[in-house]
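Trainee: work10.txt is reproduced in full below (compact mmCIF, C-alpha atoms).
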```
# COMPACT_ATOMS: atom_id res chain seq x y z
CA MET G 30 43.28 -63.09 78.19
CA ALA G 31 39.67 -64.20 78.69
CA ASP G 32 38.53 -67.54 77.31
CA PRO G 33 36.74 -67.19 73.95
CA VAL G 34 32.94 -67.05 73.99
CA ILE G 35 30.51 -67.76 71.14
CA ALA G 36 28.21 -64.79 70.59
CA TYR G 37 25.57 -63.99 67.98
CA ILE G 38 25.18 -60.57 66.38
CA ALA G 39 22.09 -59.36 64.48
CA LEU G 40 22.65 -57.05 61.52
CA GLY G 41 20.05 -54.96 59.67
CA SER G 42 19.85 -52.13 57.14
CA ASN G 43 17.03 -50.37 55.28
CA LEU G 44 18.72 -47.25 53.86
CA GLY G 45 20.71 -46.88 50.66
CA ASP G 46 22.58 -49.90 49.34
CA ARG G 47 21.53 -52.31 52.08
CA ARG G 48 23.66 -55.23 50.93
CA LYS G 49 26.72 -52.99 50.73
CA TYR G 50 26.13 -51.80 54.29
CA LEU G 51 25.79 -55.36 55.62
CA ASP G 52 28.90 -56.48 53.74
CA ALA G 53 30.86 -53.50 55.08
CA ALA G 54 29.70 -54.10 58.65
CA ILE G 55 30.84 -57.71 58.50
CA GLU G 56 34.25 -56.69 57.16
CA ARG G 57 34.63 -54.11 59.93
CA LEU G 58 33.67 -56.78 62.47
CA ARG G 59 36.28 -59.16 61.03
CA ALA G 60 38.93 -56.44 61.38
CA ARG G 61 38.32 -55.86 65.09
CA SER G 62 40.77 -57.26 67.60
CA GLY G 63 39.30 -59.95 69.82
CA VAL G 64 36.53 -60.86 67.35
CA ALA G 65 36.60 -63.75 64.87
CA VAL G 66 33.58 -64.06 62.57
CA THR G 67 32.93 -67.78 62.17
CA LYS G 68 29.53 -67.97 60.41
CA ILE G 69 27.25 -65.61 58.46
CA SER G 70 23.63 -66.33 57.56
CA ASN G 71 22.05 -65.51 54.23
CA TYR G 72 20.54 -62.05 53.89
CA HIS G 73 16.78 -61.93 54.54
CA GLU G 74 14.49 -59.17 53.24
CA THR G 75 11.68 -58.31 55.67
CA ASP G 76 9.09 -55.64 56.33
CA PRO G 77 9.88 -53.06 59.05
CA VAL G 78 8.37 -53.63 62.51
CA GLY G 79 7.10 -50.51 64.25
CA GLY G 80 8.53 -47.05 63.72
CA PRO G 81 7.32 -44.41 61.22
CA ALA G 82 5.13 -45.35 58.28
CA GLY G 83 6.59 -45.68 54.81
CA GLN G 84 9.94 -47.21 55.73
CA SER G 85 11.76 -49.35 53.18
CA LYS G 86 12.17 -53.08 53.71
CA TYR G 87 15.14 -54.35 55.68
CA LEU G 88 17.93 -56.73 54.84
CA ASN G 89 18.74 -58.77 57.95
CA ALA G 90 21.41 -61.29 58.87
CA VAL G 91 23.00 -62.94 61.90
CA ALA G 92 26.72 -63.46 62.45
CA GLN G 93 28.30 -65.99 64.79
CA VAL G 94 31.49 -64.68 66.38
CA ARG G 95 34.13 -66.15 68.64
CA THR G 96 35.25 -63.37 70.92
CA THR G 97 37.54 -62.70 73.86
CA LEU G 98 35.86 -59.32 74.46
CA GLU G 99 33.73 -58.90 77.55
CA PRO G 100 30.04 -58.19 76.78
CA ARG G 101 30.28 -54.44 77.30
CA ALA G 102 33.45 -54.24 75.21
CA LEU G 103 31.67 -56.13 72.44
CA LEU G 104 28.78 -53.67 72.65
CA ARG G 105 31.20 -50.74 72.37
CA THR G 106 32.71 -52.36 69.30
CA LEU G 107 29.30 -52.63 67.63
CA LEU G 108 28.39 -49.04 68.48
CA ALA G 109 31.71 -47.83 67.05
CA ILE G 110 31.05 -49.68 63.79
CA GLU G 111 27.56 -48.15 63.60
CA ALA G 112 29.00 -44.67 64.13
CA ASP G 113 31.69 -45.24 61.48
CA MET G 114 28.97 -46.20 59.02
CA GLY G 115 26.80 -43.15 59.60
CA ARG G 116 24.14 -44.58 61.90
CA VAL G 117 21.89 -41.76 63.15
CA ARG G 118 19.55 -42.52 66.06
CA ALA G 119 16.82 -39.98 65.26
CA GLU G 120 13.79 -42.00 66.40
CA ARG G 121 13.01 -45.39 67.87
CA PHE G 122 12.53 -48.13 65.25
CA GLY G 123 13.39 -45.56 62.59
CA PRO G 124 15.31 -46.24 59.37
CA ARG G 125 19.03 -46.85 59.67
CA THR G 126 22.09 -47.47 57.53
CA ILE G 127 23.19 -50.26 59.85
CA ASP G 128 21.94 -51.78 63.08
CA LEU G 129 24.06 -54.19 65.15
CA ASP G 130 22.70 -55.95 68.24
CA VAL G 131 24.09 -58.58 70.60
CA LEU G 132 21.57 -61.43 70.59
CA LEU G 133 23.38 -64.03 72.69
CA TYR G 134 26.71 -64.02 74.52
CA GLY G 135 27.39 -67.60 75.52
CA VAL G 136 24.90 -68.43 78.26
CA ALA G 137 25.18 -65.01 79.90
CA ILE G 138 22.13 -63.22 81.28
CA ILE G 139 22.81 -59.50 81.56
CA ASN G 140 20.29 -56.83 82.47
CA GLU G 141 21.67 -53.32 82.67
CA ASP G 142 20.37 -49.94 81.53
CA ASP G 143 22.09 -50.09 78.13
CA LEU G 144 22.90 -53.78 77.76
CA ASN G 145 20.38 -56.62 77.80
CA VAL G 146 21.45 -60.14 76.87
CA PRO G 147 19.75 -62.21 75.57
CA HIS G 148 18.18 -59.52 73.40
CA PRO G 149 14.81 -58.94 75.11
CA ARG G 150 12.76 -59.16 71.90
CA MET G 151 14.65 -61.75 69.89
CA HIS G 152 12.08 -64.49 70.55
CA GLU G 153 9.36 -62.24 69.07
CA ARG G 154 11.12 -61.56 65.78
CA SER G 155 11.25 -63.97 62.88
CA PHE G 156 13.69 -61.66 61.08
CA VAL G 157 16.16 -62.46 63.88
CA LEU G 158 15.30 -66.10 64.50
CA ALA G 159 15.20 -67.23 60.86
CA PRO G 160 18.82 -66.25 60.07
CA LEU G 161 19.94 -67.46 63.50
CA VAL G 162 18.41 -70.87 62.82
CA GLU G 163 20.33 -71.06 59.53
CA ILE G 164 23.69 -70.98 61.31
CA ALA G 165 22.90 -72.19 64.83
CA PRO G 166 19.56 -74.01 65.13
CA LEU G 167 20.50 -75.46 68.51
CA ALA G 168 21.71 -72.19 70.07
CA VAL G 169 19.94 -72.00 73.43
CA HIS G 170 18.15 -68.97 74.81
CA PRO G 171 19.45 -69.10 78.42
CA VAL G 172 16.32 -67.53 79.89
CA LEU G 173 13.60 -69.36 77.98
CA GLN G 174 15.63 -72.60 77.89
CA SER G 175 14.59 -73.15 74.28
CA THR G 176 16.63 -73.62 71.14
CA ALA G 177 16.52 -71.12 68.30
CA VAL G 178 14.66 -73.56 66.07
CA ASP G 179 12.02 -74.22 68.75
CA LEU G 180 11.54 -70.48 69.30
CA LEU G 181 11.03 -69.97 65.57
CA LYS G 182 8.52 -72.82 65.37
CA ARG G 183 6.61 -71.37 68.32
CA LEU G 184 6.58 -67.92 66.72
CA HIS G 185 5.38 -69.27 63.36
CA SER G 186 2.68 -71.29 65.07
CA SER G 187 1.39 -68.21 66.88
CA ALA G 188 1.54 -66.07 63.74
CA ASP G 189 -0.24 -68.69 61.64
CA ALA G 190 -3.02 -68.96 64.20
CA GLY G 191 -3.45 -65.20 64.33
CA THR G 192 -3.41 -64.83 60.53
CA SER G 193 -5.84 -67.63 59.92
CA LEU G 194 -8.29 -66.77 62.68
CA ARG G 195 -8.26 -62.98 63.06
CA GLU G 196 -10.90 -63.88 65.61
CA LEU G 197 -11.08 -60.38 67.10
CA GLU G 198 -11.39 -58.58 63.75
CA GLY G 199 -12.97 -55.16 64.18
CA GLN G 200 -13.33 -55.33 67.96
CA ASN G 201 -12.12 -52.43 70.09
CA ALA G 202 -9.77 -53.06 73.00
CA VAL G 203 -8.18 -51.03 75.78
CA VAL G 204 -5.02 -52.39 77.44
CA THR G 205 -3.72 -50.52 80.48
CA GLY G 206 -0.06 -50.70 81.41
CA SER G 207 0.75 -51.71 77.85
CA THR G 208 4.04 -49.93 77.15
CA SER G 209 6.14 -52.88 78.35
CA GLY G 210 6.08 -56.41 79.71
CA ILE G 211 2.82 -58.35 79.83
CA GLY G 212 0.71 -55.35 78.84
CA ARG G 213 2.70 -54.74 75.66
CA ALA G 214 2.51 -58.41 74.73
CA VAL G 215 -1.27 -58.38 75.27
CA ALA G 216 -1.74 -55.27 73.11
CA LEU G 217 0.28 -56.83 70.29
CA GLU G 218 -1.52 -60.16 70.54
CA LEU G 219 -4.94 -58.51 70.37
CA ALA G 220 -3.80 -56.44 67.39
CA ARG G 221 -2.40 -59.57 65.72
CA THR G 222 -5.85 -61.17 65.89
CA GLY G 223 -7.61 -58.10 64.51
CA ALA G 224 -8.58 -55.86 67.43
CA ASN G 225 -8.15 -52.10 67.37
CA VAL G 226 -6.17 -51.06 70.44
CA ILE G 227 -5.74 -48.16 72.85
CA VAL G 228 -2.31 -48.38 74.50
CA GLN G 229 -1.94 -46.73 77.93
CA GLY G 230 1.21 -45.88 79.83
CA ARG G 231 2.01 -43.69 82.82
CA ARG G 232 5.56 -42.47 82.36
CA SER G 233 5.99 -41.69 78.67
CA GLN G 234 3.78 -40.65 75.78
CA GLN G 235 6.56 -41.75 73.46
CA ALA G 236 6.53 -45.27 74.86
CA ALA G 237 2.76 -45.46 74.31
CA ASP G 238 3.17 -44.14 70.77
CA ASP G 239 5.86 -46.73 70.04
CA VAL G 240 3.69 -49.69 71.04
CA ALA G 241 0.71 -48.22 69.20
CA GLY G 242 2.94 -48.00 66.12
CA GLU G 243 3.80 -51.68 66.47
CA CYS G 244 0.08 -52.49 66.67
CA ARG G 245 -0.69 -50.45 63.56
CA GLY G 246 2.01 -52.41 61.78
CA LEU G 247 -0.21 -55.47 62.33
CA GLY G 248 -3.02 -53.91 60.29
CA VAL G 249 -5.30 -52.40 62.93
CA GLN G 250 -6.15 -48.96 64.29
CA ALA G 251 -4.16 -48.09 67.40
CA ILE G 252 -3.41 -45.01 69.49
CA GLY G 253 -1.22 -44.42 72.55
CA TRP G 254 -2.24 -42.32 75.56
CA GLN G 255 -0.42 -41.27 78.71
CA PHE G 256 -2.54 -41.36 81.88
CA ASP G 257 -1.54 -41.78 85.54
CA LEU G 258 -4.05 -44.31 86.85
CA ARG G 259 -2.98 -43.69 90.43
CA ASP G 260 -5.04 -40.51 90.16
CA GLU G 261 -8.78 -41.27 90.34
CA ALA G 262 -9.68 -38.24 88.23
CA GLN G 263 -7.28 -39.31 85.49
CA GLY G 264 -8.69 -42.83 85.64
CA ALA G 265 -12.23 -41.53 85.15
CA SER G 266 -11.07 -39.30 82.29
CA PHE G 267 -9.29 -42.23 80.67
CA VAL G 268 -12.43 -44.39 80.60
CA GLU G 269 -14.54 -41.53 79.27
CA ARG G 270 -12.03 -40.74 76.54
CA ALA G 271 -11.78 -44.40 75.53
CA ALA G 272 -15.57 -44.70 75.32
CA ASN G 273 -15.73 -41.59 73.15
CA HIS G 274 -12.87 -42.78 70.94
CA PHE G 275 -14.56 -46.06 69.99
CA ALA G 276 -18.07 -46.54 68.66
CA ALA G 277 -18.26 -49.55 71.00
CA LEU G 278 -16.06 -50.83 73.81
CA ASP G 279 -15.59 -54.58 73.40
CA ILE G 280 -12.49 -55.54 75.43
CA TRP G 281 -10.86 -54.06 78.54
CA ILE G 282 -7.62 -55.53 79.91
CA ASN G 283 -6.22 -54.22 83.21
CA CYS G 284 -2.47 -54.89 82.99
CA ALA G 285 -1.32 -51.72 84.78
CA GLY G 286 0.61 -52.60 87.92
CA ALA G 287 3.08 -50.85 90.20
CA ASP G 288 6.67 -52.07 89.94
CA THR G 289 7.98 -52.23 93.50
CA LEU G 290 10.61 -54.89 92.77
CA THR G 291 13.11 -53.00 90.61
CA GLY G 292 14.73 -49.58 90.50
CA GLU G 293 14.36 -47.03 93.27
CA ALA G 294 11.00 -48.50 94.34
CA ALA G 295 12.72 -51.71 95.45
CA ARG G 296 14.25 -49.71 98.31
CA TRP G 297 11.00 -48.18 99.50
CA PRO G 298 9.66 -49.19 102.94
CA PHE G 299 6.86 -51.75 103.11
CA GLU G 300 4.17 -49.15 103.79
CA ARG G 301 5.00 -47.06 100.73
CA LYS G 302 5.10 -50.12 98.49
CA LEU G 303 1.69 -51.16 99.81
CA GLN G 304 0.28 -47.70 99.11
CA GLU G 305 1.58 -47.75 95.54
CA LEU G 306 0.38 -51.28 94.83
CA TRP G 307 -3.02 -50.54 96.32
CA ALA G 308 -3.46 -47.40 94.20
CA VAL G 309 -2.53 -49.05 90.88
CA ASP G 310 -3.14 -52.78 91.12
CA VAL G 311 -6.29 -52.71 93.25
CA ARG G 312 -8.09 -49.36 93.30
CA ALA G 313 -7.45 -48.50 89.65
CA THR G 314 -8.39 -52.02 88.53
CA ILE G 315 -11.65 -51.79 90.46
CA GLN G 316 -12.43 -48.25 89.26
CA LEU G 317 -11.71 -48.96 85.61
CA SER G 318 -13.44 -52.36 85.58
CA ARG G 319 -16.61 -50.96 87.11
CA ALA G 320 -16.68 -47.99 84.74
CA ALA G 321 -15.88 -50.00 81.60
CA GLY G 322 -18.17 -52.81 82.74
CA GLY G 323 -21.07 -50.37 83.09
CA ILE G 324 -20.56 -49.17 79.54
CA MET G 325 -20.38 -52.74 78.25
CA LYS G 326 -23.49 -53.76 80.22
CA ARG G 327 -25.47 -50.96 78.59
CA GLN G 328 -24.29 -51.93 75.11
CA GLY G 329 -25.08 -55.59 75.82
CA ARG G 330 -21.65 -57.17 75.33
CA GLY G 331 -18.00 -57.06 76.38
CA ALA G 332 -15.14 -58.86 78.08
CA ILE G 333 -12.84 -57.75 80.89
CA VAL G 334 -9.64 -59.45 82.04
CA ASN G 335 -7.67 -58.56 85.17
CA ILE G 336 -4.21 -59.69 86.30
CA GLY G 337 -3.79 -61.72 89.48
CA TRP G 338 -0.94 -63.88 90.81
CA ASP G 339 -0.74 -67.65 91.03
CA GLN G 340 0.59 -67.60 94.62
CA ALA G 341 -1.93 -65.11 96.01
CA ASP G 342 -4.12 -67.82 97.50
CA THR G 343 -1.30 -70.09 98.71
CA GLY G 344 1.23 -67.56 100.01
CA MET G 345 4.94 -66.90 99.60
CA GLU G 346 7.56 -65.90 102.13
CA GLY G 347 8.89 -62.37 102.51
CA ASP G 348 7.58 -58.83 102.16
CA SER G 349 6.87 -59.30 98.47
CA GLY G 350 4.77 -62.35 99.21
CA GLN G 351 2.71 -60.39 101.72
CA LEU G 352 2.33 -57.39 99.41
CA PHE G 353 1.43 -59.20 96.22
CA GLY G 354 -0.64 -61.81 98.03
CA ALA G 355 -2.79 -59.04 99.50
CA VAL G 356 -3.25 -56.90 96.42
CA LYS G 357 -3.56 -59.65 93.81
CA GLY G 358 -5.78 -61.68 96.10
CA ALA G 359 -8.07 -58.64 96.24
CA VAL G 360 -8.11 -58.38 92.44
CA MET G 361 -8.95 -62.07 92.08
CA ALA G 362 -11.82 -61.87 94.58
CA PHE G 363 -13.14 -58.69 92.97
CA THR G 364 -13.08 -60.33 89.54
CA LYS G 365 -15.36 -63.14 90.69
CA SER G 366 -17.91 -60.77 92.20
CA LEU G 367 -17.93 -58.37 89.24
CA ALA G 368 -18.48 -61.32 86.91
CA VAL G 369 -21.67 -62.19 88.78
CA ASP G 370 -22.94 -58.59 88.61
CA LEU G 371 -22.24 -58.09 84.91
CA ALA G 372 -23.48 -61.48 83.66
CA PRO G 373 -24.89 -62.47 81.26
CA ASP G 374 -23.88 -59.55 79.04
CA VAL G 375 -20.25 -59.05 80.09
CA ARG G 376 -17.69 -61.74 80.88
CA VAL G 377 -15.05 -60.97 83.55
CA ASN G 378 -12.04 -63.21 84.13
CA CYS G 379 -8.57 -63.04 85.62
CA VAL G 380 -5.24 -64.51 84.56
CA ALA G 381 -2.86 -65.40 87.38
CA PRO G 382 0.70 -65.51 86.01
CA GLY G 383 3.41 -67.53 87.68
CA TRP G 384 7.12 -66.95 87.07
CA ILE G 385 7.01 -64.65 84.04
CA ARG G 386 10.21 -63.07 82.81
CA THR G 387 9.37 -59.37 83.04
CA ALA G 388 11.60 -56.59 84.43
CA TRP G 389 12.22 -58.28 87.79
CA GLY G 390 12.86 -61.68 86.25
CA GLN G 391 15.47 -60.21 83.93
CA SER G 392 17.55 -59.06 86.90
CA ALA G 393 16.81 -61.88 89.34
CA SER G 394 19.75 -63.53 91.08
CA GLU G 395 21.14 -66.91 90.12
CA ALA G 396 19.41 -68.42 93.17
CA TRP G 397 16.05 -67.14 91.94
CA GLN G 398 16.77 -68.37 88.42
CA ARG G 399 17.31 -71.87 89.82
CA ARG G 400 14.21 -71.63 92.02
CA VAL G 401 12.03 -70.71 89.05
CA LEU G 402 13.19 -73.71 87.03
CA ASP G 403 12.85 -76.03 90.02
CA GLU G 404 9.27 -74.90 90.74
CA THR G 405 8.02 -74.96 87.15
CA PRO G 406 7.27 -78.40 85.66
CA LEU G 407 7.69 -77.06 82.10
CA GLY G 408 11.26 -76.16 83.04
CA ARG G 409 11.46 -72.55 81.89
CA TRP G 410 10.41 -69.02 82.68
CA GLY G 411 7.09 -68.00 81.24
CA THR G 412 7.07 -65.13 78.78
CA PRO G 413 4.73 -62.16 78.47
CA GLU G 414 3.53 -63.77 75.24
CA ASP G 415 2.43 -66.87 77.17
CA VAL G 416 0.18 -64.66 79.29
CA ALA G 417 -0.99 -62.69 76.25
CA ASN G 418 -2.13 -65.88 74.54
CA ALA G 419 -4.27 -66.76 77.55
CA VAL G 420 -5.78 -63.27 77.64
CA ARG G 421 -6.58 -63.40 73.92
CA TRP G 422 -8.37 -66.72 74.39
CA LEU G 423 -10.40 -65.39 77.33
CA VAL G 424 -11.77 -62.45 75.32
CA SER G 425 -12.35 -64.54 72.17
CA PRO G 426 -15.54 -66.31 71.07
CA ALA G 427 -13.87 -69.60 72.01
CA ALA G 428 -14.29 -68.68 75.70
CA GLN G 429 -17.86 -67.42 75.51
CA PHE G 430 -18.99 -69.81 78.28
CA VAL G 431 -16.18 -68.76 80.65
CA THR G 432 -16.64 -66.04 83.27
CA GLY G 433 -15.64 -65.44 86.86
CA GLN G 434 -12.58 -67.69 86.50
CA ILE G 435 -8.95 -67.44 87.62
CA VAL G 436 -6.76 -68.90 84.87
CA ARG G 437 -3.27 -69.76 86.06
CA VAL G 438 -0.50 -69.32 83.52
CA ASN G 439 2.40 -70.83 85.42
CA GLY G 440 3.95 -73.73 83.55
CA GLY G 441 2.13 -76.32 85.64
CA ALA G 442 3.29 -75.25 89.11
CA VAL G 443 1.00 -76.71 91.77
CA ARG G 444 1.07 -75.14 95.23
CA THR G 445 -0.97 -76.02 98.29
```
Could you take the file, read its structure, and then write that structure out as structure tokens?

Mentor:
Amino acid sequence: MADPVIAYIALGSNLGDRRKYLDAAIERLRARSGVAVTKISNYHETDPVGGPAGQSKYLNAVAQVRTTLEPRALLRTLLAIEADMGRVRAERFGPRTIDLDVLLYGVAIINEDDLNVPHPRMHERSFVLAPLVEIAPLAVHPVLQSTAVDLLKRLHSSADAGTSLRELEGQNAVVTGSTSGIGRAVALELARTGANVIVQGRRSQQAADDVAGECRGLGVQAIGWQFDLRDEAQGASFVERAANHFAALDIWINCAGADTLTGEAARWPFERKLQELWAVDVRATIQLSRAAGGIMKRQGRGAIVNIGWDQADTGMEGDSGQLFGAVKGAVMAFTKSLAVDLAPDVRVNCVAPGWIRTAWGQSASEAWQRRVLDETPLGRWGTPEDVANAVRWLVSPAAQFVTGQIVRVNGGAVRT
């Protein structure tokens, strides 16, 4: 039999008798072989996040369990309990009788199609962190290397700043590549501080709609569009449609980037990866920045932010170093020149992330996990939210004397 592991399970309900559903789920969990429920938080009532409008409030809790089940077996147990209790998965973030998620499983880091541990959004959600802190304030997020109580403090600090400032109130923003990762975090951060947002994705209209729904939940106007920015005609159409959608175009963030590190693309030859990266990261960034910048120049104001890479100008070994050094170096150089052309009306800057835990970071080997921590003075992976905070500052009034700059968001890593 496997050695017992401490795991944390999130529970939520917003249909029917919510307390009864949570109570019943806990009893079913107690009855399962290989699972011992050791702690239960209080029940917390919270507003829904994302999903269709008009949902009822949730009751949420977190349970600590001591289990001999392997992670996938624990997941199957939770899914079986959901099914027994009438859970229907009709739409993403929709109402549900019961929702059970694995938050933490010891110090395991698991990234598979249907199982991600730690839960990829737990650090963004106070309705998860608050009950977790009640029963395990020192539980450590193995990726972010932060305790639950520190994650909650960081989240509250960010939320308080956004609520008190709303410094982008009424401004109109476009965020490309915003259905996941850094782009999604940027769209949400801009919405949190008051900006109306257009969310763009390439693969799925539903994914764009989902993120737009999350933005609307923050009290702004938001819409999701599907465009393939590898296609120049679609890129031109996207800018035109965005300009027609808004009375003014205040903020443009180019987060769209080709993923050549995970999935099938990771097996592509060097030349195909270069072609894909050039089409999305370089050509589309240049095309969209020039078109949006022209509109902003004519209206007399605006801010553009592009995405670079903190090792582009120092180099890194391997094919990926060559590929990303070339394309992100091009974006960084372009940013500086465009800033000169569009000044003084439009500010153009670039953030250069370091080791940020996006899709590749979630599946990186143990050797890479150690390398990241060794190379980063702050001793943890960066998060998409860390980058989003920098982007928000660059487009805010606080950065009105900043243009043509490369802002490294890399936990203090210094490379020569």

Trainee: Can you pull out every residue within 9 Å of Thr126 in chain G, counting all atoms listed in the file, but drop anything in the same chain fewer than 2 positions away, and send it as number ranges by chain?

Mentor: G: 41-47, 50-51, 111, 114-117, 124, 128

Trainee: Select, counting all atoms listed in the file, all protein, DNA and RNA residues no farther than 12 Å from (-19.3, -51.7, 86.4) in file coordinates, and express the selection as a PyMOL selection string.

Mentor: chain G and resi 268+281+314-327+331-333+363-364+366-372+374-377

Trainee: Pick out the residues sitting within 7 Å of range 206-217 of chain G, and hand them over as a ChimeraX atom specification; count only C-alpha atoms, and ignore anything fewer than 6 positions along from it in its own chain.

Mentor: /G:226,228-230,236-237,240,244,284-286,387,413-414,416-417

Trainee: For Arg437 in chain G, which residue out of G:Leu103, G:Trp389, G:Asp342, G:Gly347 is the nearest one, using only C-alpha atoms?

Mentor: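 Smallest distance to Arg437 in chain G is found for G:Asp342.
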
Trainee: Within 10 Å of (-0.7, -59.4, 94.0), in the coordinates the file gives, what residues turn up when you count all atoms listed in the file, written out as a list in words?

Mentor: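 Residues close enough to count: Gly286, Leu306, Trp307, Asp310, Val311, Ile336, Gly337, Trp338, Asp339, Gln340, Ala341, Asp342, Ser349, Gly350, Gln351, Leu352, Phe353, Gly354, Ala355, Val356, Lys357, Gly358, Ala359, Val360, Met361 and Ala381 of chain G.
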
Trainee: Please determine, counting only C-alpha atoms, which residue among G:Pro373, G:Ile282, G:Ala313, G:Arg59 has the shortest atom-to-atom distance to Gln429 in chain G.

Mentor: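 So, comparing all the options, the nearest one is G:Pro373.
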
Trainee: One decimal, Å: what's the distance from CA of Val203 in chain G over to CA of Gly253 in chain G, could you say?

Mentor: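 Separating CA of Val203 in chain G from CA of Gly253 in chain G is a distance of 10.1 Å.
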
Trainee: Between CA of Arg231 in chain G and CA of Ala271 in chain G, what is the distance, to one decimal in Å?

Mentor: 15.6 Å

Trainee: Report the centre and edge lengths, in Å to one decimal, of an axis-aligned box enclosing every atom of range 204-211 of chain G listed in the file, padded by 5 Å on each side, as AutoDock Vina command-line options.

Mentor:
```
--center_x 0.6 --center_y -54.1 --center_z 79.3 --size_x 21.2 --size_y 18.4 --size_z 14.3
```

Trainee: Using CA of Ser425 in chain G and CA of Thr222 in chain G as the two end points, give the distance in Å to one decimal.

Mentor: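 Answer for the CA of Ser425 in chain G to CA of Thr222 in chain G separation: 9.6 Å.
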
Trainee: Within 7 Å of range 158-172 of chain G, which residues of range 83-146 of chain G show up? Give each one with its shortest atom-to-atom distance in Å (one decimal) and the two atoms involved, counting all atoms listed in the file, rows by chain then rising residue number, as a Markdown table.

Mentor:
```
| residue | atom | partner | partner_atom | distance |
| --- | --- | --- | --- | --- |
| G:Ala90 | CA | G:Pro160 | CA | 5.7 |
| G:Val91 | CA | G:Pro160 | CA | 5.6 |
| G:Val136 | CA | G:Pro171 | CA | 5.5 |
```

Trainee: Mind dumping the selected residues with C-alpha atoms as a PDB file, keeping the file's coordinate frame?

Mentor:
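Here's the written file out-v7.pdb:
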```pdb
ATOM      1  CA  ALA G  90      21.410 -61.290  58.870  1.00  0.00           C
ATOM      2  CA  VAL G  91      23.000 -62.940  61.900  1.00  0.00           C
ATOM      3  CA  VAL G 136      24.900 -68.430  78.260  1.00  0.00           C
TER       4      VAL G 136
END
```

Trainee: Skip Val436 in chain G itself and residues of its chain fewer than 4 positions away, then list as a list in words all residues within 8 Å of it, counting all atoms listed in the file.

Mentor: Asn378, Cys379, Val380 and Ala381 of chain G

Trainee: Which residue, G:Thr205, G:Gln234, G:Gln434, G:Asn140, has the smallest gap to Arg386 in chain G when you use all atoms listed in the file?

Mentor: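 Counting all atoms listed in the file, the residue closest to Arg386 in chain G is G:Asn140.
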
Trainee: Which one of G:Gly63, G:Ile38, G:Ser70, G:Met151 sits closest to Asp130 in chain G if you count all atoms listed in the file?

Mentor: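 Nearest candidate to Asp130 in chain G out of G:Gly63, G:Ile38, G:Ser70, G:Met151: G:Ile38.
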
Trainee: Within 12 Å of Gly408 in chain G, counting only C-alpha atoms, which residues show up once you throw out same-chain ones fewer than 2 positions away? Write them as a PDB file with C-alpha atoms, in the coordinates of the input, please.

Mentor:
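So result-v3.pdb came out as:
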```pdb
ATOM      1  CA  PRO G 171      19.450 -69.100  78.420  1.00  0.00           C
ATOM      2  CA  VAL G 172      16.320 -67.530  79.890  1.00  0.00           C
ATOM      3  CA  LEU G 173      13.600 -69.360  77.980  1.00  0.00           C
ATOM      4  CA  GLN G 174      15.630 -72.600  77.890  1.00  0.00           C
ATOM      5  CA  SER G 175      14.590 -73.150  74.280  1.00  0.00           C
ATOM      6  CA  TRP G 384       7.120 -66.950  87.070  1.00  0.00           C
ATOM      7  CA  GLN G 398      16.770 -68.370  88.420  1.00  0.00           C
ATOM      8  CA  ARG G 399      17.310 -71.870  89.820  1.00  0.00           C
ATOM      9  CA  ARG G 400      14.210 -71.630  92.020  1.00  0.00           C
ATOM     10  CA  VAL G 401      12.030 -70.710  89.050  1.00  0.00           C
ATOM     11  CA  LEU G 402      13.190 -73.710  87.030  1.00  0.00           C
ATOM     12  CA  ASP G 403      12.850 -76.030  90.020  1.00  0.00           C
ATOM     13  CA  GLU G 404       9.270 -74.900  90.740  1.00  0.00           C
ATOM     14  CA  THR G 405       8.020 -74.960  87.150  1.00  0.00           C
ATOM     15  CA  PRO G 406       7.270 -78.400  85.660  1.00  0.00           C
ATOM     16  CA  TRP G 410      10.410 -69.020  82.680  1.00  0.00           C
ATOM     17  CA  GLY G 411       7.090 -68.000  81.240  1.00  0.00           C
ATOM     18  CA  ASN G 439       2.400 -70.830  85.420  1.00  0.00           C
ATOM     19  CA  GLY G 440       3.950 -73.730  83.550  1.00  0.00           C
ATOM     20  CA  GLY G 441       2.130 -76.320  85.640  1.00  0.00           C
ATOM     21  CA  ALA G 442       3.290 -75.250  89.110  1.00  0.00           C
TER      22      ALA G 442
END
```

Trainee: Rank G:Ile127, G:Pro147, G:Ile227, G:Val431 by their smallest atom-to-atom distance to Leu40 in chain G, using all atoms listed in the file, and report the top residue only.

Mentor: G:Ile127

Trainee: Please produce range 382-386 of chain G, completed to N, CA and C atoms, as an mmCIF file, in the coordinates of the input.

Mentor:
```cif
data_model
loop_
_atom_site.group_PDB
_atom_site.id
_atom_site.type_symbol
_atom_site.label_atom_id
_atom_site.label_comp_id
_atom_site.auth_asym_id
_atom_site.auth_seq_id
_atom_site.Cartn_x
_atom_site.Cartn_y
_atom_site.Cartn_z
ATOM 1 N N PRO G 382 -0.599 -65.045 86.493
ATOM 2 C CA PRO G 382 0.700 -65.510 86.010
ATOM 3 C C PRO G 382 1.551 -66.089 87.138
ATOM 4 N N GLY G 383 2.410 -67.022 86.764
ATOM 5 C CA GLY G 383 3.410 -67.530 87.680
ATOM 6 C C GLY G 383 4.723 -66.805 87.457
ATOM 7 N N TRP G 384 5.809 -67.571 87.285
ATOM 8 C CA TRP G 384 7.120 -66.950 87.070
ATOM 9 C C TRP G 384 7.233 -66.503 85.616
ATOM 10 N N ILE G 385 6.964 -65.236 85.378
ATOM 11 C CA ILE G 385 7.010 -64.650 84.040
ATOM 12 C C ILE G 385 8.212 -63.720 83.977
ATOM 13 N N ARG G 386 8.973 -63.844 82.912
ATOM 14 C CA ARG G 386 10.210 -63.070 82.810
ATOM 15 C C ARG G 386 9.925 -61.643 82.343
#
```
